[in-house]
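As provided, final_17.txt (compact mmCIF, C-alpha atoms) reads as follows.
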```txt
# COMPACT_ATOMS: atom_id res chain seq x y z
CA MET A 1 0.98 25.23 -9.13
CA ARG A 2 -0.78 27.19 -11.83
CA ARG A 3 1.14 28.29 -14.95
CA ALA A 4 1.50 31.78 -16.35
CA ALA A 5 3.69 33.45 -18.95
CA VAL A 6 4.95 36.99 -19.43
CA ALA A 7 6.40 38.65 -22.53
CA VAL A 8 9.75 40.40 -22.25
CA THR A 9 9.39 42.30 -25.50
CA ALA A 10 12.19 44.26 -27.18
CA TYR A 11 11.06 46.50 -30.03
CA PRO A 12 12.44 49.48 -31.95
CA ARG A 13 11.30 52.89 -30.76
CA SER A 14 12.89 56.30 -31.30
CA GLY A 15 16.05 54.83 -32.81
CA SER A 16 16.83 52.27 -30.10
CA LEU A 17 15.45 49.06 -28.63
CA HIS A 18 12.90 49.44 -25.86
CA PHE A 19 10.96 47.05 -23.65
CA LEU A 20 7.51 47.55 -22.20
CA ILE A 21 6.50 47.68 -18.55
CA ILE A 22 2.88 47.99 -17.54
CA LYS A 23 1.27 49.24 -14.37
CA ARG A 24 -1.64 46.96 -13.56
CA ALA A 25 -5.10 48.44 -13.13
CA ALA A 26 -6.14 49.38 -9.60
CA ARG A 27 -8.42 46.35 -9.36
CA GLY A 28 -8.00 42.71 -10.22
CA SER A 29 -4.96 40.48 -10.02
CA ASN A 30 -1.78 42.21 -8.75
CA ALA A 31 -3.61 45.55 -8.60
CA GLY A 32 -1.40 48.59 -9.11
CA GLN A 33 1.86 46.65 -9.47
CA TRP A 34 4.57 47.10 -12.09
CA ALA A 35 4.59 44.08 -14.38
CA LEU A 36 5.43 42.62 -17.74
CA PRO A 37 2.49 41.89 -20.03
CA GLY A 38 1.28 38.41 -19.17
CA GLY A 39 -1.13 36.20 -17.33
CA ARG A 40 -2.41 32.72 -16.67
CA MET A 41 -2.28 30.00 -19.28
CA ASP A 42 -5.66 29.09 -20.78
CA PRO A 43 -6.66 25.50 -21.58
CA GLY A 44 -5.23 24.39 -24.93
CA GLU A 45 -2.43 26.98 -24.90
CA ASP A 46 1.29 26.51 -24.49
CA LEU A 47 3.36 29.09 -22.64
CA VAL A 48 4.41 30.95 -25.79
CA ASP A 49 0.76 31.18 -26.90
CA THR A 50 -0.10 32.59 -23.47
CA ALA A 51 2.63 35.24 -23.52
CA LEU A 52 1.75 36.37 -27.06
CA ARG A 53 -2.00 36.46 -26.32
CA GLU A 54 -1.50 38.48 -23.14
CA LEU A 55 0.90 40.84 -24.92
CA ARG A 56 -1.74 41.46 -27.59
CA GLU A 57 -4.67 41.75 -25.14
CA GLU A 58 -2.96 44.04 -22.63
CA THR A 59 -0.86 46.24 -24.94
CA GLY A 60 -2.11 45.79 -28.51
CA ILE A 61 1.37 44.66 -29.61
CA LEU A 62 1.20 41.94 -32.24
CA ALA A 63 3.88 39.25 -32.22
CA SER A 64 4.08 35.73 -33.63
CA HIS A 65 5.95 32.56 -32.72
CA ASP A 66 8.59 33.66 -35.26
CA ASP A 67 9.31 36.69 -33.05
CA VAL A 68 10.09 34.55 -29.99
CA VAL A 69 13.85 34.21 -29.46
CA GLY A 70 13.77 32.14 -26.29
CA MET A 71 12.61 31.73 -22.72
CA LEU A 72 14.18 32.56 -19.41
CA ASP A 73 13.98 30.45 -16.25
CA ASP A 74 10.63 29.77 -14.64
CA PHE A 75 9.98 31.86 -11.55
CA PRO A 76 7.89 30.14 -8.85
CA ALA A 77 6.00 33.09 -7.37
CA SER A 78 4.87 33.04 -3.76
CA CYS A 79 1.22 33.30 -4.87
CA GLY A 80 1.32 29.71 -6.20
CA ILE A 81 1.92 30.51 -9.87
CA VAL A 82 4.95 29.47 -11.92
CA ILE A 83 5.80 32.32 -14.32
CA THR A 84 7.62 31.58 -17.58
CA PRO A 85 9.26 34.61 -19.24
CA VAL A 86 9.08 34.49 -23.05
CA VAL A 87 11.57 36.75 -24.84
CA VAL A 88 10.13 38.46 -27.92
CA LEU A 89 12.16 40.51 -30.41
CA LEU A 90 10.24 42.64 -32.90
CA ASP A 91 11.84 44.05 -36.04
CA GLU A 92 9.29 46.79 -36.66
CA PRO A 93 8.08 49.56 -34.35
CA GLN A 94 4.60 49.21 -32.92
CA ARG A 95 2.52 51.62 -30.92
CA PRO A 96 1.31 50.01 -27.70
CA ARG A 97 -2.29 50.61 -26.62
CA ARG A 98 -3.40 49.68 -23.14
CA HIS A 99 -6.43 47.56 -22.29
CA PRO A 100 -8.01 49.86 -19.67
CA ALA A 101 -9.67 47.04 -17.68
CA GLU A 102 -6.29 45.40 -17.05
CA VAL A 103 -3.63 48.09 -17.52
CA ALA A 104 -3.49 51.48 -15.83
CA SER A 105 -0.52 52.69 -17.88
CA LEU A 106 2.16 51.60 -20.38
CA HIS A 107 5.83 52.49 -19.98
CA PRO A 108 8.31 51.89 -22.81
CA LEU A 109 11.86 51.97 -21.49
CA ALA A 110 15.16 51.82 -23.35
CA LEU A 111 17.00 48.53 -22.80
CA GLU A 112 19.89 50.57 -21.34
CA ALA A 113 17.76 51.18 -18.23
CA LEU A 114 18.36 47.54 -17.28
CA THR A 115 22.15 47.96 -17.24
CA ALA A 116 22.39 51.45 -15.74
CA ASP A 117 24.50 52.19 -12.67
CA GLY A 118 22.62 51.21 -9.51
CA VAL A 119 20.54 48.53 -11.26
CA PRO A 120 19.92 46.21 -9.56
CA ARG A 121 20.13 47.29 -5.95
CA TRP A 122 19.46 45.37 -2.75
CA GLN A 123 17.16 46.53 0.06
CA PRO A 124 18.07 45.16 3.51
CA GLN A 125 15.21 43.50 5.39
CA PRO A 126 14.58 43.31 9.16
CA ASP A 127 15.23 39.55 9.11
CA GLY A 128 18.74 40.11 7.72
CA GLY A 129 17.83 39.15 4.16
CA GLN A 130 17.76 41.41 1.16
CA ILE A 131 15.10 42.19 -1.45
CA LEU A 132 16.00 42.83 -5.09
CA GLN A 133 14.98 46.21 -6.48
CA MET A 134 15.22 47.33 -10.10
CA PRO A 135 15.07 51.16 -10.07
CA LEU A 136 14.40 51.75 -13.77
CA ARG A 137 13.42 55.41 -13.65
CA ARG A 138 12.19 57.97 -11.16
CA GLY A 139 9.16 56.57 -9.35
CA MET A 140 9.57 53.08 -10.85
CA VAL A 141 11.17 50.49 -8.59
CA ILE A 142 10.34 46.94 -9.62
CA HIS A 143 10.62 43.96 -7.27
CA ALA A 144 10.53 40.19 -7.80
CA PRO A 145 9.04 38.41 -9.58
CA THR A 146 9.06 41.01 -12.40
CA GLY A 147 12.30 42.54 -11.16
CA ALA A 148 13.95 39.12 -11.01
CA ILE A 149 12.89 38.35 -14.57
CA LEU A 150 14.23 41.70 -15.80
CA TRP A 151 17.52 41.19 -13.94
CA GLN A 152 17.94 37.76 -15.54
CA PHE A 153 17.07 39.20 -18.97
CA ALA A 154 19.68 41.96 -18.54
CA ASP A 155 22.39 39.58 -17.36
CA VAL A 156 21.72 36.69 -19.75
CA VAL A 157 20.50 38.43 -22.91
CA LEU A 158 22.20 41.83 -22.76
CA ARG A 159 25.46 40.93 -20.99
CA GLY A 160 25.84 37.27 -22.06
CA HIS A 161 26.27 36.01 -18.48
CA GLU A 162 24.60 33.18 -16.62
CA LEU A 163 22.22 34.05 -13.80
CA ARG A 164 19.56 32.11 -11.88
CA VAL A 165 16.85 34.05 -10.04
CA ALA A 166 14.19 31.52 -8.98
CA GLU A 167 15.28 31.62 -5.33
CA LEU A 168 14.98 35.38 -4.89
CA ALA A 169 12.63 36.55 -2.19
CA GLU A 170 9.59 38.62 -3.05
CA PRO A 171 8.32 41.50 -0.95
CA ALA A 172 5.14 40.62 0.94
CA PHE A 173 2.96 42.94 -1.19
CA THR A 174 3.56 40.85 -4.34
CA ALA A 175 1.95 37.76 -2.80
CA ARG A 176 -1.55 39.26 -3.05
```
What is this structure when it is put down as structure tokens?
Amino acid sequence: MRRAAVAVTAYPRSGSLHFLIIKRAARGSNAGQWALPGGRMDPGEDLVDTALRELREETGILASHDDVVGMLDDFPASCGIVITPVVVLLDEPQRPRRHPAEVASLHPLALEALTADGVPRWQPQPDGGQILQMPLRRGMVIHAPTGAILWQFADVVLRGHELRVAELAEPAFTAR
């Protein structure tokens, strides 16, 4: 299993806390998918270093180890990568800037989107199972693994509950 880290980053924007979702570029790894800033761990890095580097490279947001408030559960993705979510809390507003080779678009969303009515929802599957969906705004429905990480963040960090998500199924298109 290869290791990767993503940054679940809360930062002030327009008078409230927001988090950042990216839409991956049309080419490359996970092309066109909704995601959190992140990627594979480089040699010599730890998972926090990876999340902060990817956050900076993909969005231009600068964060340090002092801004990290914790980590959520590892998510073993079907593509053979274990994803570690690193939770980052920034005190000062920053203006994200996308890296065009990796990111098609940036989408700041208020944290309230994660706890809105209808979030999460479950999509029945032909085999009788269900797939998690996080409908965060019109035209933005996020599935596992990113959806699972956001659901755990909402339940653990925002609501103070306990939730495990590593066993959630991913839709087939995320395994690319």
Exercise: Val141 of chain A partners within 12 Å, all atoms listed in the file, chain neighbours under 2 positions left out, as a CSV table (one decimal) with C-alpha atoms, keeping the file's coordinate frame:
```
chain,number,residue,atom,x,y,z
A,21,ILE,CA,6.5,47.7,-18.6
A,23,LYS,CA,1.3,49.2,-14.4
A,33,GLN,CA,1.9,46.6,-9.5
A,34,TRP,CA,4.6,47.1,-12.1
A,35,ALA,CA,4.6,44.1,-14.4
A,113,ALA,CA,17.8,51.2,-18.2
A,114,LEU,CA,18.4,47.5,-17.3
A,118,GLY,CA,22.6,51.2,-9.5
A,119,VAL,CA,20.5,48.5,-11.3
A,120,PRO,CA,19.9,46.2,-9.6
A,121,ARG,CA,20.1,47.3,-6.0
A,122,TRP,CA,19.5,45.4,-2.8
A,123,GLN,CA,17.2,46.5,0.1
A,131,ILE,CA,15.1,42.2,-1.4
A,132,LEU,CA,16.0,42.8,-5.1
A,133,GLN,CA,15.0,46.2,-6.5
A,134,MET,CA,15.2,47.3,-10.1
A,135,PRO,CA,15.1,51.2,-10.1
A,136,LEU,CA,14.4,51.8,-13.8
A,137,ARG,CA,13.4,55.4,-13.6
A,138,ARG,CA,12.2,58.0,-11.2
A,139,GLY,CA,9.2,56.6,-9.4
A,143,HIS,CA,10.6,44.0,-7.3
A,144,ALA,CA,10.5,40.2,-7.8
A,146,THR,CA,9.1,41.0,-12.4
A,147,GLY,CA,12.3,42.5,-11.2
A,148,ALA,CA,14.0,39.1,-11.0
A,150,LEU,CA,14.2,41.7,-15.8
```
Task: Computed interatomic separation between atom CA of His65 of chain A and atom CA of Ile142 of chain A (Å) - done: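 It comes out at 27.6 Å.
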Open item on the list: Neighbouring residues of Leu55 of chain A were defined as those with any atom within 7 Å, considering all atoms listed in the file; residues of the same chain fewer than 4 positions away were excluded. Please report them as a PyMOL selection string.
Closed with: chain A and resi 7+37-38+51+59-61
TODO: Work out how far apart atom CA of Gly32 of chain A and atom CA of Arg95 of chain A are and give it in Å to one decimal.
DONE: 22.4 Å
Write out as a tab-separated table the residues of segment 40-134 of chain A that have any atom within 8 Å of an atom of segment 165-174 of chain A, one row each with the nearest atom pair and its distance in Å to one decimal, counting all atoms listed in the file, sorted by chain and then rising number.
```
residue	atom	partner	partner_atom	distance
A:Asp73	CA	A:Ala166	CA	7.4
A:Asp74	CA	A:Ala166	CA	6.9
A:Phe75	CA	A:Ala166	CA	4.9
A:Pro76	CA	A:Ala166	CA	6.5
A:Ala77	CA	A:Glu170	CA	7.9
A:Ser78	CA	A:Glu170	CA	7.3
A:Cys79	CA	A:Thr174	CA	7.9
A:Gln130	CA	A:Ala169	CA	7.8
A:Ile131	CA	A:Ala169	CA	6.2
A:Leu132	CA	A:Leu168	CA	7.5
```
- [ ] In Å, rounded to a single decimal, give me how far atom CA of His99 of chain A is from atom CA of Ala25 of chain A.
- [x] 9.3 Å
- [ ] Choose the residue, out of A:Gly128, A:Val87, A:Ser105, A:Ile149, that has the smallest atom-to-atom separation from Asp66 of chain A; count only C-alpha atoms.
- [x] A:Val87
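Between Arg2 of chain A and the candidates A:Ala26, A:Thr50, A:Ala31, A:Ile83, the tightest atom-to-atom separation, counting all atoms listed in the file, involves A:Ile83.
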N, CA and C atoms modelled onto segment 102-113 of chain A, as a compact mmCIF listing (two decimals), in the frame of the given file:
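Output saved as rebuild_15.txt:
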```
# COMPACT_ATOMS: atom_id res chain seq x y z
N GLU A 102 -7.40 46.15 -17.63
CA GLU A 102 -6.29 45.40 -17.05
C GLU A 102 -5.04 46.24 -16.80
N VAL A 103 -4.89 47.32 -17.55
CA VAL A 103 -3.63 48.09 -17.52
C VAL A 103 -3.93 49.55 -17.24
N ALA A 104 -3.33 50.07 -16.17
CA ALA A 104 -3.49 51.48 -15.83
C ALA A 104 -2.64 52.36 -16.73
N SER A 105 -1.40 51.89 -17.03
CA SER A 105 -0.52 52.69 -17.88
C SER A 105 0.56 51.81 -18.50
N LEU A 106 1.08 52.27 -19.65
CA LEU A 106 2.16 51.60 -20.38
C LEU A 106 3.41 52.45 -20.29
N HIS A 107 4.58 51.76 -20.15
CA HIS A 107 5.83 52.49 -19.98
C HIS A 107 6.93 51.86 -20.82
N PRO A 108 7.16 52.38 -22.04
CA PRO A 108 8.31 51.89 -22.81
C PRO A 108 9.60 52.45 -22.21
N LEU A 109 10.57 51.58 -22.04
CA LEU A 109 11.86 51.97 -21.49
C LEU A 109 12.97 51.46 -22.39
N ALA A 110 14.01 52.27 -22.57
CA ALA A 110 15.16 51.82 -23.35
C ALA A 110 15.83 50.65 -22.62
N LEU A 111 16.33 49.68 -23.40
CA LEU A 111 17.00 48.53 -22.80
C LEU A 111 18.14 48.95 -21.88
N GLU A 112 18.78 50.09 -22.16
CA GLU A 112 19.89 50.57 -21.34
C GLU A 112 19.49 50.78 -19.89
N ALA A 113 18.21 51.00 -19.62
CA ALA A 113 17.76 51.18 -18.23
C ALA A 113 18.08 49.96 -17.38
```
